[in-house]
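*Asks:* What follows is protein_16.txt, made up of compact mmCIF, C-alpha atoms:
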# COMPACT_ATOMS: atom_id res chain seq x y z
CA MET T 1 -159.67 180.83 -84.10
CA THR T 2 -161.05 182.43 -87.26
CA ASP T 3 -164.22 181.08 -88.86
CA ILE T 4 -163.22 179.32 -92.12
CA GLU T 5 -165.56 177.13 -94.15
CA PRO T 6 -164.45 173.47 -94.55
CA GLY T 7 -161.84 172.97 -97.28
CA TRP T 8 -160.99 176.67 -97.55
CA LYS T 9 -157.37 177.56 -96.85
CA THR T 10 -156.44 180.05 -94.14
CA TYR T 11 -154.28 183.13 -94.68
CA ASP T 12 -151.17 181.46 -93.25
CA ASP T 13 -151.74 178.42 -95.51
CA PHE T 14 -151.49 180.35 -98.77
CA ALA T 15 -149.12 183.15 -97.70
CA LEU T 16 -146.06 180.97 -97.06
CA GLY T 17 -143.47 181.82 -99.74
CA ILE T 18 -145.67 184.33 -101.56
CA GLY T 19 -142.87 186.94 -101.48
CA THR T 20 -140.37 184.82 -103.43
CA ASN T 21 -140.55 186.87 -106.66
CA ARG T 22 -140.66 190.24 -104.93
CA LEU T 23 -138.27 192.99 -106.00
CA PRO T 24 -135.30 193.54 -103.64
CA ALA T 25 -135.66 195.77 -100.59
CA GLU T 26 -134.15 199.27 -100.34
CA ASP T 27 -132.13 200.48 -97.34
CA LEU T 28 -133.39 203.95 -96.31
CA THR T 29 -131.00 204.40 -93.37
CA GLY T 30 -130.48 208.07 -92.51
CA THR T 31 -133.27 209.38 -94.76
CA SER T 32 -136.66 210.86 -93.95
CA LEU T 33 -140.05 211.10 -95.63
CA LYS T 34 -142.83 213.61 -95.05
CA VAL T 35 -146.23 213.40 -96.73
CA ARG T 36 -149.16 215.81 -96.58
CA THR T 37 -152.44 214.33 -97.77
CA ASP T 38 -155.59 215.98 -99.10
CA SER T 39 -157.48 214.47 -96.15
CA GLY T 40 -155.39 216.50 -93.69
CA LEU T 41 -153.06 213.71 -92.59
CA ILE T 42 -149.45 214.74 -92.05
CA LEU T 43 -147.06 211.79 -91.81
CA GLU T 44 -143.36 212.11 -90.94
CA CYS T 45 -140.96 209.16 -91.05
CA ALA T 46 -137.29 208.98 -89.98
CA PHE T 47 -135.50 205.79 -91.03
CA GLY T 48 -132.95 204.94 -88.34
CA ASP T 49 -131.52 201.84 -90.00
CA ALA T 50 -132.35 199.25 -92.63
CA ASP T 51 -135.23 197.79 -90.63
CA GLN T 52 -136.76 200.38 -88.30
CA VAL T 53 -138.55 203.71 -88.68
CA SER T 54 -139.73 206.36 -86.21
CA TRP T 55 -142.97 207.90 -87.40
CA ARG T 56 -145.50 210.48 -86.34
CA ALA T 57 -148.94 211.20 -87.81
CA THR T 58 -151.63 213.77 -87.14
CA GLY T 59 -154.58 215.45 -88.78
CA VAL T 60 -157.27 212.78 -89.30
CA PRO T 61 -159.59 210.91 -86.89
CA GLY T 62 -157.84 207.94 -85.33
CA TRP T 63 -154.41 209.35 -86.16
CA GLU T 64 -154.35 212.46 -83.96
CA ASP T 65 -150.80 212.73 -82.61
CA ALA T 66 -150.14 209.06 -83.31
CA ALA T 67 -146.53 207.92 -83.21
CA GLY T 68 -144.43 204.81 -83.00
CA VAL T 69 -141.19 203.00 -83.74
CA ASP T 70 -141.90 200.13 -86.09
CA PRO T 71 -140.37 197.92 -88.77
CA TYR T 72 -140.53 199.05 -92.37
CA ASP T 73 -140.04 197.61 -95.82
CA ALA T 74 -139.09 199.72 -98.85
CA VAL T 75 -138.88 198.77 -102.53
CA ALA T 76 -137.93 200.92 -105.52
CA VAL T 77 -140.43 200.33 -108.33
CA GLY T 78 -139.92 201.43 -111.91
CA GLU T 79 -137.80 204.48 -112.63
CA HIS T 80 -138.96 206.79 -109.85
CA ALA T 81 -141.49 205.24 -107.43
CA LEU T 82 -140.93 204.00 -103.89
CA PHE T 83 -143.18 201.55 -102.05
CA VAL T 84 -142.75 201.94 -98.26
CA ASP T 85 -144.77 199.67 -95.98
CA LEU T 86 -145.00 199.89 -92.20
CA PRO T 87 -146.35 196.59 -90.81
CA LEU T 88 -147.20 198.26 -87.52
CA VAL T 89 -146.27 196.57 -84.26
CA SER T 90 -147.37 199.58 -82.23
CA ARG T 91 -150.85 199.22 -83.78
CA PRO T 92 -150.83 195.46 -84.52
CA ARG T 93 -154.08 195.21 -86.50
CA GLU T 94 -153.07 198.02 -88.87
CA ALA T 95 -150.63 198.66 -91.71
CA LEU T 96 -149.53 202.04 -93.02
CA THR T 97 -148.23 202.22 -96.59
CA VAL T 98 -146.80 205.13 -98.58
CA ILE T 99 -146.28 205.07 -102.34
CA SER T 100 -144.31 208.10 -103.49
CA SER T 101 -142.63 209.44 -106.62
CA ARG T 102 -139.24 211.11 -106.68
CA ARG T 103 -140.15 212.62 -110.07
CA SER T 104 -143.59 214.09 -109.42
CA ARG T 105 -143.45 214.36 -105.60
CA ARG T 106 -146.95 212.87 -105.57
CA ALA T 107 -147.86 210.29 -102.93
CA LEU T 108 -150.63 207.92 -101.91
CA VAL T 109 -151.03 206.86 -98.28
CA VAL T 110 -153.04 203.69 -97.60
CA VAL T 111 -154.18 202.56 -94.15
CA SER T 112 -155.35 198.96 -93.78
CA THR T 113 -157.21 197.96 -90.60
CA ILE T 114 -158.56 194.65 -89.31
CA ALA T 115 -161.95 195.33 -87.72
CA PRO T 116 -162.43 193.95 -84.18
CA ASP T 117 -165.20 191.61 -85.32
CA PRO T 118 -166.54 190.37 -88.66
CA THR T 119 -169.65 191.97 -90.17
CA PRO T 120 -171.81 189.69 -92.35
CA GLY T 121 -171.47 190.56 -96.02
CA GLU T 122 -168.46 192.86 -95.55
CA PRO T 123 -164.68 192.25 -95.64
CA GLN T 124 -163.20 192.35 -92.15
CA VAL T 125 -160.06 194.17 -93.33
CA ARG T 126 -160.79 197.74 -94.46
CA GLN T 127 -158.68 200.25 -96.35
CA HIS T 128 -158.52 204.03 -96.71
CA PHE T 129 -156.71 205.85 -99.54
CA TRP T 130 -155.34 209.36 -99.11
CA PRO T 131 -153.57 211.11 -102.04
CA GLY T 132 -150.92 213.59 -101.01
CA VAL T 133 -147.66 215.40 -101.69
CA VAL T 134 -144.12 214.64 -100.55
CA GLY T 135 -142.43 217.32 -98.42
CA ASP T 136 -143.54 220.89 -97.82
CA GLY T 137 -143.45 222.12 -101.43
CA ASP T 138 -145.73 221.63 -104.40
CA PRO T 139 -145.85 218.62 -106.72
CA ALA T 140 -144.12 218.83 -110.08
CA PRO T 141 -146.08 221.01 -112.52
CA GLY T 142 -148.52 219.04 -114.62
CA SER T 143 -148.24 215.84 -112.58
CA PRO T 144 -151.65 214.20 -111.97
CA THR T 145 -153.00 213.46 -108.50
CA PRO T 146 -153.24 209.69 -107.84
CA ALA T 147 -156.91 208.90 -108.42
CA PRO T 148 -159.31 205.99 -108.92
CA THR T 149 -159.10 204.56 -112.42
CA ARG T 150 -160.99 202.23 -114.74
CA ASP T 151 -157.88 201.40 -116.79
CA LEU T 152 -157.66 197.75 -115.70
CA ILE T 153 -161.30 196.84 -116.38
CA GLY T 154 -161.48 193.96 -118.85
CA HIS T 155 -157.83 192.98 -118.45
CA ARG T 156 -156.69 189.47 -117.57
CA PHE T 157 -153.29 188.80 -115.98
CA LEU T 158 -151.28 185.95 -114.52
CA HIS T 159 -149.37 186.68 -111.30
CA ARG T 160 -146.44 184.37 -110.57
CA TYR T 161 -145.50 184.95 -106.91
CA SER T 162 -143.24 181.91 -106.57
CA PRO T 163 -142.69 178.48 -108.17
CA ASN T 164 -145.64 177.35 -106.01
CA HIS T 165 -147.94 180.38 -106.33
CA LEU T 166 -149.68 181.17 -109.63
CA TYR T 167 -152.92 183.18 -109.72
CA GLU T 168 -155.11 184.53 -112.48
CA HIS T 169 -156.77 187.93 -112.10
CA VAL T 170 -159.73 189.20 -114.13
CA TYR T 171 -160.67 192.84 -113.48
CA LEU T 172 -164.46 192.92 -113.76
CA ASN T 173 -165.44 196.51 -112.95
CA SER T 174 -164.48 199.50 -110.80
CA GLU T 175 -165.31 197.67 -107.56
CA ARG T 176 -164.62 193.95 -108.04
CA TYR T 177 -162.18 191.47 -109.54
CA CYS T 178 -162.15 187.70 -109.93
CA TRP T 179 -159.22 185.48 -108.98
CA GLN T 180 -158.43 181.82 -109.21
CA CYS T 181 -155.42 179.81 -108.07
CA LEU T 182 -153.82 177.79 -110.86
CA GLU T 183 -150.88 176.48 -108.82
CA GLY T 184 -150.39 176.26 -105.06
CA VAL T 185 -152.26 175.22 -101.93
CA GLN T 186 -155.37 177.11 -103.09
CA ARG T 187 -155.43 175.38 -106.50
CA GLY T 188 -159.02 175.23 -107.72
CA HIS T 189 -160.16 177.95 -105.34
CA GLY T 190 -161.34 181.32 -106.55
CA ASP T 191 -163.67 184.15 -105.67
CA VAL T 192 -164.87 187.66 -106.53
CA ASP T 193 -163.70 190.29 -104.05
CA LEU T 194 -163.88 194.04 -103.47
CA THR T 195 -161.13 196.16 -105.00
CA SER T 196 -159.77 199.68 -105.27
CA THR T 197 -157.57 200.71 -108.19
CA TYR T 198 -155.65 204.00 -108.42
CA LYS T 199 -153.57 205.29 -111.30
CA PHE T 200 -150.43 206.53 -109.59
CA ASP T 201 -148.44 207.58 -112.65
CA GLU T 202 -147.79 206.47 -116.21
CA ASP T 203 -147.65 202.62 -116.19
CA LEU T 204 -147.95 202.57 -112.38
CA TYR T 205 -151.14 201.37 -110.70
CA VAL T 206 -152.03 200.84 -107.04
CA PHE T 207 -154.31 197.81 -106.73
CA ALA T 208 -155.92 196.64 -103.48
CA PHE T 209 -158.41 193.92 -102.70
CA ARG T 210 -160.39 192.92 -99.61
CA GLU T 211 -161.55 189.32 -99.32
CA PHE T 212 -164.95 188.18 -98.07
CA ARG T 213 -164.27 184.54 -97.10
CA ILE T 214 -161.26 185.19 -94.87
CA ALA T 215 -160.00 188.27 -93.01
CA VAL T 216 -157.26 189.39 -95.40
CA ALA T 217 -156.56 192.36 -97.65
CA SER T 218 -153.70 193.18 -99.97
CA LEU T 219 -152.07 196.23 -101.46
CA PHE T 220 -149.88 196.19 -104.58
CA LEU T 221 -148.03 198.63 -106.80
CA TYR T 222 -148.13 197.37 -110.39
CA ASP T 223 -145.37 198.38 -112.78
CA MET T 224 -147.00 197.66 -116.13
CA LYS T 225 -143.83 198.58 -118.01
CA GLY T 226 -141.59 196.21 -116.05
CA LEU T 227 -144.48 193.76 -115.48
CA THR T 228 -143.96 193.38 -111.72
CA SER T 229 -146.16 193.76 -108.68
CA THR T 230 -144.86 194.77 -105.25
CA GLY T 231 -146.99 194.62 -102.15
CA ARG T 232 -148.11 192.98 -98.97
CA PHE T 233 -150.98 191.21 -97.23
CA LEU T 234 -152.55 191.96 -93.85
CA GLY T 235 -154.92 189.46 -92.26
CA LEU T 236 -155.79 187.05 -89.51
CA THR T 237 -154.11 183.65 -89.32
CA GLY T 238 -156.01 180.45 -88.62
CA ASP T 239 -155.52 180.94 -84.87
CA GLY T 240 -156.69 184.57 -84.96
CA ARG T 241 -153.36 186.45 -84.91
CA ALA T 242 -152.81 189.56 -87.04
CA GLU T 243 -150.04 188.93 -89.56
CA HIS T 244 -148.27 190.99 -92.24
CA THR T 245 -146.74 189.24 -95.26
CA ARG T 246 -144.57 190.75 -97.99
CA SER T 247 -145.55 189.77 -101.49
CA GLY T 248 -144.65 190.35 -105.12
CA ALA T 249 -145.07 188.75 -108.51
CA TRP T 250 -144.10 188.68 -112.15
CA ILE T 251 -147.05 189.68 -114.32
CA SER T 252 -148.02 188.11 -117.64
CA ARG T 253 -150.76 189.55 -119.85
CA LEU T 254 -153.42 187.10 -121.01
CA GLY T 255 -155.60 189.55 -122.91
CA GLU T 256 -158.43 192.02 -122.51
CA VAL T 257 -162.01 192.60 -123.57
CA GLU T 258 -163.74 195.76 -124.72
CA TYR T 259 -167.42 196.39 -124.08
CA PRO T 260 -169.20 197.62 -127.24
CA ASP T 261 -171.94 199.70 -125.59
CA VAL T 262 -173.07 199.33 -121.96
CA GLN T 263 -170.06 199.62 -119.65
CA PRO T 264 -169.42 197.97 -116.25
CA ILE T 265 -169.85 200.14 -113.19
For this file, write the structure as structure tokens.

*Replies:*
Amino acid sequence: MTDIEPGWKTYDDFALGIGTNRLPAEDLTGTSLKVRTDSGLILECAFGDADQVSWRATGVPGWEDAAGVDPYDAVAVGEHALFVDLPLVSRPREALTVISSRRSRRALVVVSTIAPDPTPGEPQVRQHFWPGVVGDGDPAPGSPTPAPTRDLIGHRFLHRYSPNHLYEHVYLNSERYCWQCLEGVQRGHGDVDLTSTYKFDEDLYVFAFREFRIAVASLFLYDMKGLTSTGRFLGLTGDGRAEHTRSGAWISRLGEVEYPDVQPI
């Protein structure tokens, strides 16, 4: 069992149905994807059918000559981006996600890992972000490398995941955001958690958060032109099992603030 304070909902409590408003999945049957990251990781994926991918990775600690056959989930986002998530069965406490652009050939690889045991004061699910390039060639000339951004600081959004899931997000600084549940089983609950935000391309942002109270982390690709989010959660259920959950929402803007002099971190 996971340690949850009285009255606080577990991951499996709130996650049920949270993928209702997600964009439709893409079938990548017969295609392949290769990404080279600045960290030295080389990832190669061959999509055998609509549900399964053979993959191989090498080049970084913990992923030396790693390989597996696992499920995958792919979603086309915006005009040129692809969100590909591997909820790994071969490495059950990990998820491997690739966001790539057909236009710029830029990519961002994110690895999410549930630590064996909780550490006081730290999220139990950790994430690593590795910018890279699709294929063996160079990225499109003039295309920016996906990088940490402060663009969302001060913004306030509503995220409607389903008729029964409505959350408010307030982006406080470069490391933390505040959330509260307005509708759903977590109604009245809220917290401030650790985040990472990358600008992937124009109007496209990769947003991730890692919770303190329960062992769960998320990863989303925001399309701020189409006002959608596409992503997934990885965490421990109430009985201690690792679980992956697809998620997605419609985004509504509530407003933003500008700091006149001293800026948040």

*Asks:* Using Å and a single decimal, report how far CA of Arg126 (chain T) sits from CA of Ser112 (chain T).

*Replies:*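 It comes out at 5.6 Å.
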
*Asks:* Which residue, T:Val77, T:Leu28, T:Ile265, T:Leu236, has the smallest gap to Met224 (chain T) when you use only C-alpha atoms?

*Replies:*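 Closest to Met224 (chain T) of all the choices is T:Val77.
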
*Asks:* Work out how far apart CA of Ser162 (chain T) and CA of Ile251 (chain T) are and give it in Å to one decimal.

*Replies:* 11.6 Å

*Asks:* Of the residues T:Phe200, T:Tyr161, T:Trp63, T:Tyr177, which is the one nearest to Ala147 (chain T), using only C-alpha atoms?

*Replies:*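 Checking each candidate against Ala147 (chain T), we get T:Phe200 as the closest.
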
*Asks:* In file coordinates, which residues lie within 7 Å of (-143.9, 210.0, -88.4) using only C-alpha atoms, given as a list in words?

*Replies:* Leu43, Glu44, Cys45, Ala46, Ser54, Trp55, Arg56, Ala57 and Ala67 of chain T

*Asks:* Using all atoms listed in the file, which of the listed residues (T:His189, T:His80, T:Arg232, T:Lys225) sits closest to Leu166 (chain T)?

*Replies:*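 Closest candidate: T:His189.
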
*Asks:* How many Å separate CA of His165 (chain T) from CA of Ile18 (chain T)?

*Replies:* 6.6 Å

*Asks:* Taking all atoms listed in the file into account, name the residue in T:Leu88, T:Leu16, T:Arg106, T:Ser252 that is nearest to Gly142 (chain T).

*Replies:*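 Ranking T:Leu88, T:Leu16, T:Arg106, T:Ser252 by distance to Gly142 (chain T), first place goes to T:Arg106.
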
*Asks:* Leaving out Glu243 (chain T) and any residue of its chain fewer than 4 positions from it, which residues lie within 9 Å of it when counting all atoms listed in the file, given as an MDAnalysis selection string?

*Replies:* chainID T and resid 11:12 87 92:93 233:237

*Asks:* List every protein, DNA or RNA residue that has an atom no more than 9 Å from (-143.4, 188.5, -102.6) in the file's coordinate frame, counting all atoms listed in the file, and report them as a ChimeraX atom specification.

*Replies:* /T:17-23,161-162,229-232,245-249

*Asks:* Given the selection you just returned, output its residues as a file containing C-alpha atoms, formatted as a tab-separated table (two decimals), in the coordinates of the input.

*Replies:*
chain	number	residue	atom	x	y	z
T	17	GLY	CA	-143.47	181.82	-99.74
T	18	ILE	CA	-145.67	184.33	-101.56
T	19	GLY	CA	-142.87	186.94	-101.48
T	20	THR	CA	-140.37	184.82	-103.43
T	21	ASN	CA	-140.55	186.87	-106.66
T	22	ARG	CA	-140.66	190.24	-104.93
T	23	LEU	CA	-138.27	192.99	-106.00
T	161	TYR	CA	-145.50	184.95	-106.91
T	162	SER	CA	-143.24	181.91	-106.57
T	229	SER	CA	-146.16	193.76	-108.68
T	230	THR	CA	-144.86	194.77	-105.25
T	231	GLY	CA	-146.99	194.62	-102.15
T	232	ARG	CA	-148.11	192.98	-98.97
T	245	THR	CA	-146.74	189.24	-95.26
T	246	ARG	CA	-144.57	190.75	-97.99
T	247	SER	CA	-145.55	189.77	-101.49
T	248	GLY	CA	-144.65	190.35	-105.12
T	249	ALA	CA	-145.07	188.75	-108.51

*Asks:* Between T:Thr29, T:Asp136, T:Leu86, T:Arg36, which one has atoms that come closest to Gly48 (chain T), using only C-alpha atoms?

*Replies:*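 So, comparing all the options, the nearest one is T:Thr29.
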
*Asks:* Could you write out as AutoDock Vina command-line options the box around region 155-166 of chain T (axis-aligned, all atoms listed in the file, 3 Å on each side), with centre and edge lengths in Å to one decimal?

*Replies:*
--center_x -150.3 --center_y 185.2 --center_z -112.2 --size_x 21.1 --size_y 21.6 --size_z 18.4

*Asks:* Can you pull out every residue within 7 Å of Leu158 (chain T), counting all atoms listed in the file, but drop anything in the same chain fewer than 6 positions away, and send it as a ChimeraX atom specification?

*Replies:* /T:167-169,251-254

*Asks:* Which residue, T:Val125, T:Ala66, T:Val35, T:Val262, has the smallest gap to Thr97 (chain T) when you use only C-alpha atoms?

*Replies:*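 The answer is T:Val35, which sits nearest to Thr97 (chain T).
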
*Asks:* Applying 10 Å and only C-alpha atoms, which residues near Val133 (chain T) remain after dropping the ones on its own chain fewer than 2 positions away? List them as a list in words.

*Replies:* Lys34, Val35, Arg36, Thr37, Asp38, Ile42, Ser100, Ser101, Ser104, Arg105, Arg106, Ala107, Leu108, Val109, Pro131, Gly135, Asp136, Gly137, Asp138, Pro139, Ala140 and Thr145 of chain T
